[in-house]
Amino acid sequence: MSPENPARAFSTWASPAVLLLLGATLTGCAGGGDYQAALATTARSGEFSLPRGEDSAAPIALWDEVLVVCPYSDVAAAPEPFTKAALALDTSSNEDVHWLLFAKADKVRRISISRTSVDFCPGSSVNNVYQHTQLWSAEKSDGAWLMSAVGPPQAG
């Protein structure tokens with residue numbers, strides 16, 4: 001860095017920082033990394049429920065339902081209260097992420113999860129709503145935890 005040109009020095013470090021921040025904002029992954037880490041830790045424990053509660057890193061701590069949205073899935077038929085949040089997703093632009101939409105009553109928050117770490121979409125791209133009490137199992141494959149609901153989605 002040259003002290004003669006402070007504007008150039010600023011742009012050298014600012015551009016990557018701005019791009020990183022912009023990328024995180026556009027994908028809606030605020031807090032997603034922490035919840036993704038919590039999912040990976042929980043996946044090691046056999047059958048489990050998805051992390052929920054004050055220390056879970058979930059975007060809504062005491063969520064009631066979660067909608068799993070997979071890449072290339074049709075979100076037009078997403079049920080309430082998920083409809084608006086699901087329609088805002090661009091499911092056709094990136095097959096490396098999928099989304100978890102958490103709901104408590106009519107409040108919905110989303111996070112994106114990297115499929116290379118935790119994958120709720122290893123097979124078909126069907127959108128399902130799951131209750132917080134839903135049991136899951138996980139299998140490690142190619143470095144990712146492949147998540148499977150134990151039994152059908154539970155009715156709310």
# chains A, B, ... in the order shown; residues from 1 in each chain; ligands from 1
$ residues_around --residues "segment 68-76 of chain A" --least-positions-apart "4" --cutoff "8 Å" --atoms "only C-alpha atoms" --output "list in words"
Thr83, Ala86, Leu87, Thr91, Ser92, Ser93, Asn94, Glu95, Asp96, Val97, His98, Trp99, Leu100, Leu101, Phe120, Cys121, Ser125, Val126, Asn127, Asn128 and Val129 of chain A
$ write_last_selection --atoms "N, CA and C atoms" --output "PDB file, in the first residue's frame"
ATOM      1  N   THR A  83     -45.715 -18.837   2.123  1.00  0.00           N
ATOM      2  CA  THR A  83     -45.900 -18.463   0.723  1.00  0.00           C
ATOM      3  C   THR A  83     -45.031 -17.288   0.289  1.00  0.00           C
ATOM      4  N   ALA A  86     -41.237 -18.024   0.471  1.00  0.00           N
ATOM      5  CA  ALA A  86     -40.836 -19.027  -0.531  1.00  0.00           C
ATOM      6  C   ALA A  86     -40.796 -18.424  -1.928  1.00  0.00           C
ATOM      7  N   LEU A  87     -41.781 -17.589  -2.254  1.00  0.00           N
ATOM      8  CA  LEU A  87     -41.816 -16.973  -3.580  1.00  0.00           C
ATOM      9  C   LEU A  87     -40.654 -16.006  -3.798  1.00  0.00           C
ATOM     10  N   THR A  91     -34.888 -20.370  -6.648  1.00  0.00           N
ATOM     11  CA  THR A  91     -34.497 -21.770  -6.518  1.00  0.00           C
ATOM     12  C   THR A  91     -33.772 -22.303  -7.746  1.00  0.00           C
ATOM     13  N   SER A  92     -33.760 -21.552  -8.836  1.00  0.00           N
ATOM     14  CA  SER A  92     -33.128 -22.056 -10.053  1.00  0.00           C
ATOM     15  C   SER A  92     -31.712 -21.531 -10.271  1.00  0.00           C
ATOM     16  N   SER A  93     -31.205 -20.685  -9.386  1.00  0.00           N
ATOM     17  CA  SER A  93     -29.905 -20.075  -9.657  1.00  0.00           C
ATOM     18  C   SER A  93     -28.714 -20.802  -9.041  1.00  0.00           C
ATOM     19  N   ASN A  94     -28.939 -21.622  -8.022  1.00  0.00           N
ATOM     20  CA  ASN A  94     -27.801 -22.225  -7.342  1.00  0.00           C
ATOM     21  C   ASN A  94     -28.198 -23.559  -6.730  1.00  0.00           C
ATOM     22  N   GLU A  95     -27.653 -24.638  -7.246  1.00  0.00           N
ATOM     23  CA  GLU A  95     -27.992 -25.952  -6.699  1.00  0.00           C
ATOM     24  C   GLU A  95     -27.123 -26.322  -5.498  1.00  0.00           C
ATOM     25  N   ASP A  96     -26.196 -25.462  -5.107  1.00  0.00           N
ATOM     26  CA  ASP A  96     -25.305 -25.749  -3.985  1.00  0.00           C
ATOM     27  C   ASP A  96     -25.879 -25.351  -2.635  1.00  0.00           C
ATOM     28  N   VAL A  97     -27.013 -24.659  -2.629  1.00  0.00           N
ATOM     29  CA  VAL A  97     -27.660 -24.273  -1.374  1.00  0.00           C
ATOM     30  C   VAL A  97     -29.124 -24.679  -1.407  1.00  0.00           C
ATOM     31  N   HIS A  98     -29.691 -24.791  -0.224  1.00  0.00           N
ATOM     32  CA  HIS A  98     -31.125 -24.954  -0.071  1.00  0.00           C
ATOM     33  C   HIS A  98     -31.535 -24.092   1.110  1.00  0.00           C
ATOM     34  N   TRP A  99     -32.810 -23.962   1.322  1.00  0.00           N
ATOM     35  CA  TRP A  99     -33.290 -22.998   2.296  1.00  0.00           C
ATOM     36  C   TRP A  99     -34.157 -23.672   3.338  1.00  0.00           C
ATOM     37  N   LEU A 100     -34.035 -23.187   4.549  1.00  0.00           N
ATOM     38  CA  LEU A 100     -34.928 -23.571   5.633  1.00  0.00           C
ATOM     39  C   LEU A 100     -35.702 -22.312   6.003  1.00  0.00           C
ATOM     40  N   LEU A 101     -37.033 -22.401   5.913  1.00  0.00           N
ATOM     41  CA  LEU A 101     -37.903 -21.292   6.278  1.00  0.00           C
ATOM     42  C   LEU A 101     -38.568 -21.665   7.592  1.00  0.00           C
ATOM     43  N   PHE A 120     -30.549 -31.425   3.035  1.00  0.00           N
ATOM     44  CA  PHE A 120     -31.911 -31.904   3.215  1.00  0.00           C
ATOM     45  C   PHE A 120     -32.516 -32.339   1.886  1.00  0.00           C
ATOM     46  N   CYS A 121     -31.777 -32.205   0.785  1.00  0.00           N
ATOM     47  CA  CYS A 121     -32.320 -32.455  -0.555  1.00  0.00           C
ATOM     48  C   CYS A 121     -31.504 -33.483  -1.343  1.00  0.00           C
ATOM     49  N   SER A 125     -36.775 -33.070  -5.156  1.00  0.00           N
ATOM     50  CA  SER A 125     -36.894 -31.671  -4.737  1.00  0.00           C
ATOM     51  C   SER A 125     -38.320 -31.352  -4.333  1.00  0.00           C
ATOM     52  N   VAL A 126     -38.799 -32.023  -3.306  1.00  0.00           N
ATOM     53  CA  VAL A 126     -40.153 -31.811  -2.828  1.00  0.00           C
ATOM     54  C   VAL A 126     -40.096 -30.908  -1.601  1.00  0.00           C
ATOM     55  N   ASN A 127     -40.939 -29.888  -1.579  1.00  0.00           N
ATOM     56  CA  ASN A 127     -41.014 -28.984  -0.437  1.00  0.00           C
ATOM     57  C   ASN A 127     -41.943 -29.594   0.609  1.00  0.00           C
ATOM     58  N   ASN A 128     -41.430 -29.780   1.814  1.00  0.00           N
ATOM     59  CA  ASN A 128     -42.242 -30.314   2.896  1.00  0.00           C
ATOM     60  C   ASN A 128     -42.161 -29.401   4.102  1.00  0.00           C
ATOM     61  N   VAL A 129     -43.264 -29.356   4.845  1.00  0.00           N
ATOM     62  CA  VAL A 129     -43.315 -28.633   6.110  1.00  0.00           C
ATOM     63  C   VAL A 129     -43.165 -29.660   7.220  1.00  0.00           C
TER      64      VAL A 129
END
$ closest_residue --among "A:Ala85, A:Ala105, A:Leu146, A:Ala138" --to "Leu67 of chain A" --atoms "only C-alpha atoms"
A:Ala85
$ residues_around --residues "Ala58 of chain A" --least-positions-apart "2" --cutoff "12 Å" --atoms "only C-alpha atoms" --output "PyMOL selection string"
chain A and resi 29-39+50-56+60-66+100-104+108-113+132
$ write_last_selection --atoms "N, CA and C atoms" --output "compact mmCIF listing (two decimals), in the first residue's frame"
# COMPACT_ATOMS: atom_id res chain seq x y z
N CYS A 29 -28.31 -15.45 4.19
CA CYS A 29 -27.69 -16.43 5.06
C CYS A 29 -27.26 -15.85 6.40
N ALA A 30 -27.82 -14.75 6.78
CA ALA A 30 -27.47 -14.18 8.08
C ALA A 30 -27.80 -15.19 9.15
N GLY A 31 -26.81 -15.59 9.90
CA GLY A 31 -27.01 -16.58 10.95
C GLY A 31 -27.03 -18.00 10.44
N GLY A 32 -27.08 -18.20 9.12
CA GLY A 32 -27.17 -19.54 8.57
C GLY A 32 -25.97 -20.41 8.89
N GLY A 33 -24.78 -19.81 8.95
CA GLY A 33 -23.58 -20.58 9.25
C GLY A 33 -23.60 -21.15 10.64
N ASP A 34 -24.09 -20.38 11.61
CA ASP A 34 -24.18 -20.88 12.97
C ASP A 34 -25.19 -22.01 13.08
N TYR A 35 -26.33 -21.86 12.43
CA TYR A 35 -27.34 -22.91 12.47
C TYR A 35 -26.85 -24.13 11.70
N GLN A 36 -26.16 -23.90 10.61
CA GLN A 36 -25.58 -25.00 9.83
C GLN A 36 -24.61 -25.80 10.70
N ALA A 37 -23.78 -25.12 11.48
CA ALA A 37 -22.86 -25.80 12.39
C ALA A 37 -23.63 -26.57 13.46
N ALA A 38 -24.71 -25.98 13.98
CA ALA A 38 -25.53 -26.67 14.98
C ALA A 38 -26.16 -27.92 14.38
N LEU A 39 -26.59 -27.84 13.12
CA LEU A 39 -27.16 -29.02 12.44
C LEU A 39 -26.13 -30.13 12.30
N LEU A 50 -34.51 -31.09 14.99
CA LEU A 50 -33.68 -29.96 14.55
C LEU A 50 -33.49 -28.99 15.71
N PRO A 51 -32.33 -28.35 15.80
CA PRO A 51 -32.06 -27.43 16.90
C PRO A 51 -33.13 -26.33 17.01
N ARG A 52 -33.54 -26.10 18.23
CA ARG A 52 -34.59 -25.13 18.54
C ARG A 52 -34.33 -24.59 19.93
N GLY A 53 -34.57 -23.32 20.13
CA GLY A 53 -34.40 -22.73 21.45
C GLY A 53 -33.44 -21.56 21.41
N GLU A 54 -33.26 -20.93 22.55
CA GLU A 54 -32.48 -19.71 22.65
C GLU A 54 -31.03 -19.87 22.17
N ASP A 55 -30.40 -20.99 22.37
CA ASP A 55 -29.00 -21.18 21.98
C ASP A 55 -28.84 -21.98 20.69
N SER A 56 -29.90 -22.11 19.91
CA SER A 56 -29.87 -22.97 18.72
C SER A 56 -29.31 -22.29 17.48
N ILE A 60 -35.54 -17.98 14.22
CA ILE A 60 -36.62 -17.81 15.19
C ILE A 60 -36.36 -18.88 16.25
N ALA A 61 -35.96 -18.46 17.42
CA ALA A 61 -35.49 -19.40 18.44
C ALA A 61 -36.50 -20.51 18.74
N LEU A 62 -37.74 -20.16 18.97
CA LEU A 62 -38.76 -21.16 19.32
C LEU A 62 -39.73 -21.37 18.16
N TRP A 63 -39.18 -21.69 17.00
CA TRP A 63 -39.98 -21.92 15.81
C TRP A 63 -40.88 -23.13 16.00
N ASP A 64 -42.01 -23.14 15.27
CA ASP A 64 -42.96 -24.24 15.34
C ASP A 64 -42.85 -25.18 14.14
N GLU A 65 -42.64 -24.58 12.94
CA GLU A 65 -42.58 -25.36 11.71
C GLU A 65 -41.41 -24.89 10.87
N VAL A 66 -40.92 -25.79 10.03
CA VAL A 66 -39.87 -25.44 9.08
C VAL A 66 -40.26 -25.99 7.70
N LEU A 100 -34.03 -23.19 4.55
CA LEU A 100 -34.93 -23.57 5.63
C LEU A 100 -35.70 -22.31 6.00
N LEU A 101 -37.03 -22.40 5.91
CA LEU A 101 -37.90 -21.29 6.28
C LEU A 101 -38.57 -21.67 7.59
N PHE A 102 -38.27 -20.91 8.63
CA PHE A 102 -38.77 -21.19 9.97
C PHE A 102 -39.98 -20.31 10.24
N ALA A 103 -41.02 -20.89 10.87
CA ALA A 103 -42.23 -20.13 11.17
C ALA A 103 -42.63 -20.29 12.63
N LYS A 104 -43.06 -19.20 13.18
CA LYS A 104 -43.73 -19.15 14.49
C LYS A 104 -44.96 -18.32 14.24
N VAL A 108 -42.14 -15.51 9.61
CA VAL A 108 -41.28 -16.45 8.88
C VAL A 108 -39.92 -15.81 8.67
N ARG A 109 -38.87 -16.58 8.93
CA ARG A 109 -37.50 -16.16 8.65
C ARG A 109 -36.81 -17.31 7.92
N ARG A 110 -35.87 -16.95 7.05
CA ARG A 110 -35.19 -17.98 6.25
C ARG A 110 -33.68 -17.93 6.47
N ILE A 111 -33.08 -19.08 6.21
CA ILE A 111 -31.62 -19.15 6.12
C ILE A 111 -31.29 -20.05 4.94
N SER A 112 -30.12 -19.84 4.37
CA SER A 112 -29.64 -20.75 3.33
C SER A 112 -28.58 -21.63 3.96
N ILE A 113 -28.55 -22.85 3.51
CA ILE A 113 -27.63 -23.86 4.04
C ILE A 113 -26.84 -24.44 2.87
N HIS A 132 -41.55 -28.87 14.71
CA HIS A 132 -40.30 -28.86 15.47
C HIS A 132 -40.05 -30.19 16.17
$ atom_distance --atom1 "atom CA of Trp145 of chain A" --atom2 "atom CA of Ala88 of chain A"
26.4 Å
$ residues_around --residues "Ser148 of chain A" --least-positions-apart "2" --cutoff "12 Å" --atoms "only C-alpha atoms" --output "count of residues only"
29
$ atom_distance --atom1 "atom CA of Arg115 of chain A" --atom2 "atom CA of Arg44 of chain A"
16.6 Å
$ select_by_dssp --residues "segment 33-80 of chain A" --states "strand (DSSP E or B)" --output "NGL selection string"
:A and (48 or 65-69)
$ atom_distance --atom1 "atom CA of Gly143 of chain A" --atom2 "atom CA of Ser114 of chain A"
11.7 Å
